[in-house]
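Dropping work_9.pdb in here (PDB, C-alpha atoms and all ligand atoms):
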ATOM      1  CA  MET A   1      19.141   3.917  13.010  1.00  0.00           C
ATOM      2  CA  TYR A   2      17.662   1.772  10.294  1.00  0.00           C
ATOM      3  CA  ASP A   3      19.512   1.934   7.031  1.00  0.00           C
ATOM      4  CA  PHE A   4      18.009  -0.485   4.572  1.00  0.00           C
ATOM      5  CA  ARG A   5      19.793  -0.306   1.281  1.00  0.00           C
ATOM      6  CA  ILE A   6      17.697  -2.257  -1.126  1.00  0.00           C
ATOM      7  CA  ALA A   7      19.487  -2.435  -4.439  1.00  0.00           C
ATOM      8  CA  ALA A   8      17.439  -1.900  -7.549  1.00  0.00           C
ATOM      9  CA  ALA A   9      18.259  -5.416  -8.782  1.00  0.00           C
ATOM     10  CA  ASP A  10      15.574  -7.219 -10.753  1.00  0.00           C
ATOM     11  CA  THR A  11      12.029  -6.608  -9.579  1.00  0.00           C
ATOM     12  CA  ALA A  12      11.513  -9.982  -7.882  1.00  0.00           C
ATOM     13  CA  THR A  13      14.762  -9.648  -5.907  1.00  0.00           C
ATOM     14  CA  MET A  14      13.916  -6.079  -4.949  1.00  0.00           C
ATOM     15  CA  TYR A  15      10.546  -7.173  -3.538  1.00  0.00           C
ATOM     16  CA  ARG A  16      12.120 -10.121  -1.691  1.00  0.00           C
ATOM     17  CA  ASP A  17      14.637  -7.748  -0.113  1.00  0.00           C
ATOM     18  CA  LEU A  18      11.851  -5.309   0.699  1.00  0.00           C
ATOM     19  CA  ALA A  19       9.838  -8.079   2.365  1.00  0.00           C
ATOM     20  CA  SER A  20      12.763  -9.175   4.538  1.00  0.00           C
ATOM     21  CA  ALA A  21      13.547  -5.575   5.485  1.00  0.00           C
ATOM     22  CA  LEU A  22       9.904  -5.123   6.467  1.00  0.00           C
ATOM     23  CA  GLU A  23       9.934  -8.345   8.512  1.00  0.00           C
ATOM     24  CA  GLY A  24      12.936  -7.001  10.393  1.00  0.00           C
ATOM     25  CA  LEU A  25      11.375  -3.614  10.887  1.00  0.00           C
ATOM     26  CA  VAL A  26       8.134  -4.870  12.454  1.00  0.00           C
ATOM     27  CA  GLN A  27       9.616  -7.822  14.326  1.00  0.00           C
ATOM     28  CA  GLY A  28       8.795  -7.766  18.016  1.00  0.00           C
ATOM     29  CA  GLU A  29       6.706  -4.585  17.745  1.00  0.00           C
ATOM     30  CA  THR A  30       2.996  -4.846  18.442  1.00  0.00           C
ATOM     31  CA  ASP A  31       2.012  -1.198  18.000  1.00  0.00           C
ATOM     32  CA  ALA A  32       0.015  -1.009  14.781  1.00  0.00           C
ATOM     33  CA  VAL A  33       0.544   2.712  14.171  1.00  0.00           C
ATOM     34  CA  ALA A  34       4.314   2.409  14.572  1.00  0.00           C
ATOM     35  CA  ASN A  35       4.431  -0.538  12.193  1.00  0.00           C
ATOM     36  CA  MET A  36       2.220   1.155   9.601  1.00  0.00           C
ATOM     37  CA  ALA A  37       4.285   4.352   9.809  1.00  0.00           C
ATOM     38  CA  ASN A  38       7.599   2.571   9.335  1.00  0.00           C
ATOM     39  CA  ALA A  39       6.169   0.372   6.565  1.00  0.00           C
ATOM     40  CA  THR A  40       5.046   3.393   4.538  1.00  0.00           C
ATOM     41  CA  ALA A  41       8.451   5.034   4.939  1.00  0.00           C
ATOM     42  CA  LEU A  42      10.276   1.867   3.858  1.00  0.00           C
ATOM     43  CA  ILE A  43       8.038   1.232   0.845  1.00  0.00           C
ATOM     44  CA  PHE A  44       8.014   4.897  -0.220  1.00  0.00           C
ATOM     45  CA  GLU A  45      11.796   5.064  -0.042  1.00  0.00           C
ATOM     46  CA  THR A  46      12.335   1.769  -1.848  1.00  0.00           C
ATOM     47  CA  LEU A  47       9.909   1.752  -4.774  1.00  0.00           C
ATOM     48  CA  PRO A  48      10.797   3.959  -7.721  1.00  0.00           C
ATOM     49  CA  ASP A  49       8.143   6.223  -9.232  1.00  0.00           C
ATOM     50  CA  VAL A  50       5.648   6.330  -6.372  1.00  0.00           C
ATOM     51  CA  ASN A  51       4.078   9.516  -5.021  1.00  0.00           C
ATOM     52  CA  TRP A  52       1.832   8.122  -2.279  1.00  0.00           C
ATOM     53  CA  VAL A  53       2.041   5.054  -0.018  1.00  0.00           C
ATOM     54  CA  GLY A  54      -0.378   4.626   2.834  1.00  0.00           C
ATOM     55  CA  PHE A  55      -2.992   2.773   4.783  1.00  0.00           C
ATOM     56  CA  TYR A  56      -6.717   3.090   5.029  1.00  0.00           C
ATOM     57  CA  ARG A  57      -8.040   1.255   8.077  1.00  0.00           C
ATOM     58  CA  ASN A  58     -11.395  -0.454   8.363  1.00  0.00           C
ATOM     59  CA  ILE A  59     -13.100   1.447  11.165  1.00  0.00           C
ATOM     60  CA  ASP A  60     -16.621   0.119  11.646  1.00  0.00           C
ATOM     61  CA  GLY A  61     -17.092  -0.560   7.942  1.00  0.00           C
ATOM     62  CA  GLU A  62     -15.591   2.679   6.670  1.00  0.00           C
ATOM     63  CA  LEU A  63     -12.043   3.258   5.406  1.00  0.00           C
ATOM     64  CA  VAL A  64     -10.225   5.869   7.482  1.00  0.00           C
ATOM     65  CA  LEU A  65      -6.840   7.304   6.571  1.00  0.00           C
ATOM     66  CA  GLY A  66      -3.883   5.856   8.440  1.00  0.00           C
ATOM     67  CA  PRO A  67      -0.126   6.465   8.339  1.00  0.00           C
ATOM     68  CA  PHE A  68       1.140   7.451   4.901  1.00  0.00           C
ATOM     69  CA  GLN A  69       3.888   9.145   2.902  1.00  0.00           C
ATOM     70  CA  GLY A  70       2.940  11.680   0.281  1.00  0.00           C
ATOM     71  CA  ARG A  71       0.568  14.587  -0.013  1.00  0.00           C
ATOM     72  CA  PRO A  72      -2.367  15.015   2.402  1.00  0.00           C
ATOM     73  CA  ALA A  73      -5.180  12.683   1.337  1.00  0.00           C
ATOM     74  CA  CYS A  74      -8.914  12.226   1.705  1.00  0.00           C
ATOM     75  CA  ILE A  75      -9.708  10.982   5.189  1.00  0.00           C
ATOM     76  CA  ARG A  76     -12.764   8.759   4.824  1.00  0.00           C
ATOM     77  CA  ILE A  77     -13.686   6.441   1.953  1.00  0.00           C
ATOM     78  CA  ALA A  78     -16.852   4.338   1.813  1.00  0.00           C
ATOM     79  CA  PHE A  79     -16.576   0.646   0.978  1.00  0.00           C
ATOM     80  CA  GLY A  80     -17.253   0.209  -2.724  1.00  0.00           C
ATOM     81  CA  THR A  81     -16.125   3.744  -3.629  1.00  0.00           C
ATOM     82  CA  GLY A  82     -12.944   4.409  -5.584  1.00  0.00           C
ATOM     83  CA  VAL A  83     -10.060   1.999  -5.910  1.00  0.00           C
ATOM     84  CA  CYS A  84      -9.532   1.601  -2.162  1.00  0.00           C
ATOM     85  CA  GLY A  85     -13.226   1.129  -1.474  1.00  0.00           C
ATOM     86  CA  VAL A  86     -13.533  -1.549  -4.153  1.00  0.00           C
ATOM     87  CA  ALA A  87     -10.458  -3.354  -2.780  1.00  0.00           C
ATOM     88  CA  ALA A  88     -12.029  -3.272   0.686  1.00  0.00           C
ATOM     89  CA  GLU A  89     -15.440  -4.452  -0.477  1.00  0.00           C
ATOM     90  CA  THR A  90     -14.218  -7.230  -2.763  1.00  0.00           C
ATOM     91  CA  ARG A  91     -11.080  -8.111  -0.757  1.00  0.00           C
ATOM     92  CA  GLN A  92      -9.331  -8.389  -4.114  1.00  0.00           C
ATOM     93  CA  VAL A  93      -6.137  -6.628  -5.137  1.00  0.00           C
ATOM     94  CA  GLN A  94      -6.966  -3.687  -7.406  1.00  0.00           C
ATOM     95  CA  ARG A  95      -4.262  -2.907  -9.954  1.00  0.00           C
ATOM     96  CA  VAL A  96      -5.273   0.101 -12.005  1.00  0.00           C
ATOM     97  CA  ALA A  97      -3.194   1.146 -15.026  1.00  0.00           C
ATOM     98  CA  ASP A  98      -5.093   4.401 -15.563  1.00  0.00           C
ATOM     99  CA  VAL A  99      -6.810   5.826 -12.518  1.00  0.00           C
ATOM    100  CA  ASN A 100      -8.752   8.302 -14.630  1.00  0.00           C
ATOM    101  CA  ALA A 101     -10.476   5.387 -16.344  1.00  0.00           C
ATOM    102  CA  PHE A 102     -11.517   3.784 -13.029  1.00  0.00           C
ATOM    103  CA  PRO A 103     -15.168   4.553 -12.226  1.00  0.00           C
ATOM    104  CA  GLY A 104     -15.438   6.564  -9.025  1.00  0.00           C
ATOM    105  CA  HIS A 105     -11.705   6.993  -8.602  1.00  0.00           C
ATOM    106  CA  ILE A 106     -10.981   9.477  -5.816  1.00  0.00           C
ATOM    107  CA  ALA A 107      -8.252  11.891  -6.876  1.00  0.00           C
ATOM    108  CA  CYS A 108      -6.283  12.796  -3.766  1.00  0.00           C
ATOM    109  CA  ASP A 109      -3.118  13.797  -5.584  1.00  0.00           C
ATOM    110  CA  SER A 110      -3.681  14.962  -9.152  1.00  0.00           C
ATOM    111  CA  ALA A 111      -0.211  13.632 -10.021  1.00  0.00           C
ATOM    112  CA  SER A 112      -1.372  10.020  -9.529  1.00  0.00           C
ATOM    113  CA  ARG A 113      -1.801   8.132 -12.803  1.00  0.00           C
ATOM    114  CA  SER A 114      -1.794   4.487 -11.718  1.00  0.00           C
ATOM    115  CA  GLU A 115      -2.392   2.681  -8.474  1.00  0.00           C
ATOM    116  CA  ILE A 116      -2.329  -0.654  -6.680  1.00  0.00           C
ATOM    117  CA  VAL A 117      -4.408  -1.386  -3.599  1.00  0.00           C
ATOM    118  CA  LEU A 118      -3.996  -4.544  -1.522  1.00  0.00           C
ATOM    119  CA  PRO A 119      -6.535  -5.677   1.059  1.00  0.00           C
ATOM    120  CA  LEU A 120      -5.103  -6.584   4.461  1.00  0.00           C
ATOM    121  CA  VAL A 121      -6.956  -9.566   5.907  1.00  0.00           C
ATOM    122  CA  ARG A 122      -6.184 -11.393   9.153  1.00  0.00           C
ATOM    123  CA  ASP A 123      -8.200 -14.363  10.388  1.00  0.00           C
ATOM    124  CA  GLY A 124     -10.984 -13.550   7.948  1.00  0.00           C
ATOM    125  CA  GLU A 125     -11.224  -9.930   9.093  1.00  0.00           C
ATOM    126  CA  LEU A 126     -10.510  -7.012   6.757  1.00  0.00           C
ATOM    127  CA  LEU A 127      -8.169  -4.728   8.707  1.00  0.00           C
ATOM    128  CA  GLY A 128      -7.763  -2.167   5.947  1.00  0.00           C
ATOM    129  CA  VAL A 129      -5.928  -1.644   2.683  1.00  0.00           C
ATOM    130  CA  LEU A 130      -2.461  -0.640   1.549  1.00  0.00           C
ATOM    131  CA  ASP A 131      -2.624   1.946  -1.252  1.00  0.00           C
ATOM    132  CA  ILE A 132       0.354   2.763  -3.501  1.00  0.00           C
ATOM    133  CA  ASP A 133       0.072   5.472  -6.165  1.00  0.00           C
ATOM    134  CA  SER A 134       2.370   6.407  -9.022  1.00  0.00           C
ATOM    135  CA  PRO A 135       2.638   9.431 -11.289  1.00  0.00           C
ATOM    136  CA  ARG A 136       3.524   7.021 -14.128  1.00  0.00           C
ATOM    137  CA  PRO A 137       0.686   5.336 -16.052  1.00  0.00           C
ATOM    138  CA  ALA A 138       0.638   1.530 -15.718  1.00  0.00           C
ATOM    139  CA  ARG A 139       3.428   1.661 -13.132  1.00  0.00           C
ATOM    140  CA  PHE A 140       2.404  -1.627 -11.491  1.00  0.00           C
ATOM    141  CA  ASP A 141       2.574  -4.880 -13.442  1.00  0.00           C
ATOM    142  CA  GLU A 142       1.983  -8.497 -12.471  1.00  0.00           C
ATOM    143  CA  GLU A 143       5.467  -8.753 -11.023  1.00  0.00           C
ATOM    144  CA  ASP A 144       4.786  -5.799  -8.733  1.00  0.00           C
ATOM    145  CA  GLU A 145       1.549  -7.409  -7.628  1.00  0.00           C
ATOM    146  CA  ALA A 146       3.310 -10.737  -6.983  1.00  0.00           C
ATOM    147  CA  GLY A 147       5.993  -8.917  -5.001  1.00  0.00           C
ATOM    148  CA  LEU A 148       3.541  -6.872  -2.975  1.00  0.00           C
ATOM    149  CA  ARG A 149       1.231  -9.730  -1.975  1.00  0.00           C
ATOM    150  CA  PRO A 150       3.734 -11.177   0.560  1.00  0.00           C
ATOM    151  CA  ILE A 151       4.259  -7.657   1.875  1.00  0.00           C
ATOM    152  CA  ALA A 152       0.517  -7.342   2.475  1.00  0.00           C
ATOM    153  CA  GLU A 153       0.637 -10.653   4.352  1.00  0.00           C
ATOM    154  CA  ILE A 154       3.448  -9.425   6.599  1.00  0.00           C
ATOM    155  CA  LEU A 155       1.510  -6.224   7.245  1.00  0.00           C
ATOM    156  CA  ALA A 156      -1.733  -8.016   8.052  1.00  0.00           C
ATOM    157  CA  LYS A 157       0.106  -9.724  10.925  1.00  0.00           C
ATOM    158  CA  ALA A 158       1.838  -6.542  12.096  1.00  0.00           C
ATOM    159  CA  ILE A 159      -1.043  -4.051  12.340  1.00  0.00           C
TER     160      ILE A 159
HETATM  161  N1  LIG A 201      -7.172   7.111  -5.234  1.00  0.00           N
HETATM  162  C1  LIG A 201      -7.743   6.426  -4.142  1.00  0.00           C
HETATM  163  C2  LIG A 201      -7.988   7.323  -2.984  1.00  0.00           C
HETATM  164  C3  LIG A 201      -6.875   7.388  -2.042  1.00  0.00           C
HETATM  165  S1  LIG A 201      -5.651   8.379  -2.541  1.00  0.00           S
HETATM  166  O1  LIG A 201      -5.158   8.120  -3.844  1.00  0.00           O
HETATM  167  C4  LIG A 201      -4.460   8.485  -1.449  1.00  0.00           C
HETATM  168  C5  LIG A 201      -9.000   5.707  -4.494  1.00  0.00           C
HETATM  169  O2  LIG A 201      -9.659   5.981  -5.498  1.00  0.00           O
HETATM  170  O3  LIG A 201      -9.346   4.834  -3.736  1.00  0.00           O
END
Written as structure tokens, that's how I'd like the structure from this file.
Amino acid sequence: MYDFRIAAADTATMYRDLASALEGLVQGETDAVANMANATALIFETLPDVNWVGFYRNIDGELVLGPFQGRPACIRIAFGTGVCGVAAETRQVQRVADVNAFPGHIACDSASRSEIVLPLVRDGELLGVLDIDSPRPARFDEEDEAGLRPIAEILAKAI
């Protein structure tokens, strides 16, 4: 049984604890699906105010839904389309305070109001993206982005 109790201390500490829990969870496991599945469960359980956490994988230049927590989501997303597609195409973190104001945003769960998407790159190759949605507008600030970047790095090695 894994029982990670990550206290809701200050944001930076919470993300550091989340990163070390994730390191422990994926350590020694090479199966990408297992690691993605456990990562979504850990992140979904730890972060307050999130309604969707999941992966889109780069399959031959198209984003295809991977393991996630939350409501059923759109399966395929073209590079350049929506928040995930822009993150994949530009390989830049997309932090969106108001998803309804983002051109081409794909509404998978109408409850989502803000979103952060982190590209997962290993050895110059885009493996996919990690998408986290919130029902609260502007849920993700710079501190969240700073805390999630190391998590994306851990994931890029584990998937
Ligand atoms: N909102 C995303 C699509 C994925 S879902 O939110 C799970 C986007 O525009 O890329």
(request) Check the smallest atom-to-atom distance from each of A:Ile151, A:Leu120, A:Ala146, A:Val53 to ligand LIG 201 (chain A) using all atoms listed in the file, then report the winner. (result) A:Val53
(message) As an exercise, work out the distance from atom CA of Asp141 of chain A to atom CA of Glu115 of chain A in Å and give it to one decimal place.
(response)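 Separation between atom CA of Asp141 of chain A and atom CA of Glu115 of chain A: 10.3 Å.
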(message) Ranking A:Asp123, A:Glu145, A:Asp109, A:Glu153 by minimum distance to ligand LIG 201 (chain A) and counting only C-alpha atoms and all ligand atoms, which one comes first?
(response)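 Looking only at the distances to ligand LIG 201 (chain A), the closest residue turns out to be A:Asp109.
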(message) When the PyMOL selection byres (((chain A and resi 85-98) around 6) and not hetatm) is applied to the structure above, which residues does it catch, written out as a list in words?
(response)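 With the shown file as input, the PyMOL selection byres (((chain A and resi 85-98) around 6) and not hetatm) matches Ala78, Phe79, Gly80, Thr81, Gly82, Val83, Cys84, Val99, Asn100, Ala101, Arg113, Ser114, Glu115, Ile116, Val117, Leu118, Pro119, Pro137 and Ala138 of chain A.
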(request) Quote the spacing between atom CA of Pro135 of chain A and atom CA of Gly24 of chain A in Å to one decimal place. (result)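 Separating atom CA of Pro135 of chain A from atom CA of Gly24 of chain A is a distance of 29.1 Å.
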(request) Starting from the shown file, work through the PyMOL selection byres (((chain A and resi 30-38) around 12) and not hetatm) and note down what comes out as a VMD selection string. (result) chain A and resid 2 4 21 to 29 39 to 45 53 to 57 65 to 69 120 127 to 131 151 to 152 154 to 159
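Straight-line separation from atom CA of Ala111 of chain A to atom O3 of ligand LIG 201 (chain A): 14.2 Å.
Closest approach to ligand LIG 201 (chain A) among A:Met14, A:Ile132, A:Val121, A:Cys108 is made by A:Cys108 (distances from all atoms listed in the file).
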(message) With distances taken over all atoms listed in the file, which residue among A:Ala107, A:Leu148, A:Leu126, A:Leu47 lies nearest ligand LIG 201 (chain A)?
(response)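 Residue with the minimum atom-to-atom distance to ligand LIG 201 (chain A): A:Ala107.
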Just need the box for ligand LIG 201 (chain A), edges along x, y and z, holding every atom the file lists for it with 5 Å tacked onto each side, so centre and edge lengths in Å to one decimal, as lines of an AutoDock Vina configuration file.
center_x = -7.1
center_y = 6.7
center_z = -3.5
size_x = 15.2
size_y = 13.7
size_z = 14.0
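Each of A:Arg136, A:Arg122, A:Arg71, A:Arg5 was compared to ligand LIG 201 (chain A) using only C-alpha atoms and all ligand atoms, and A:Arg71 turns out to be the nearest.
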(message) From the options A:Asp144, A:Asp60, A:Asp17, A:Asp133, which residue's atoms come nearest to Ile106 of chain A, counting all atoms listed in the file?
(response)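 Under the stated criterion, the closest residue is A:Asp133.
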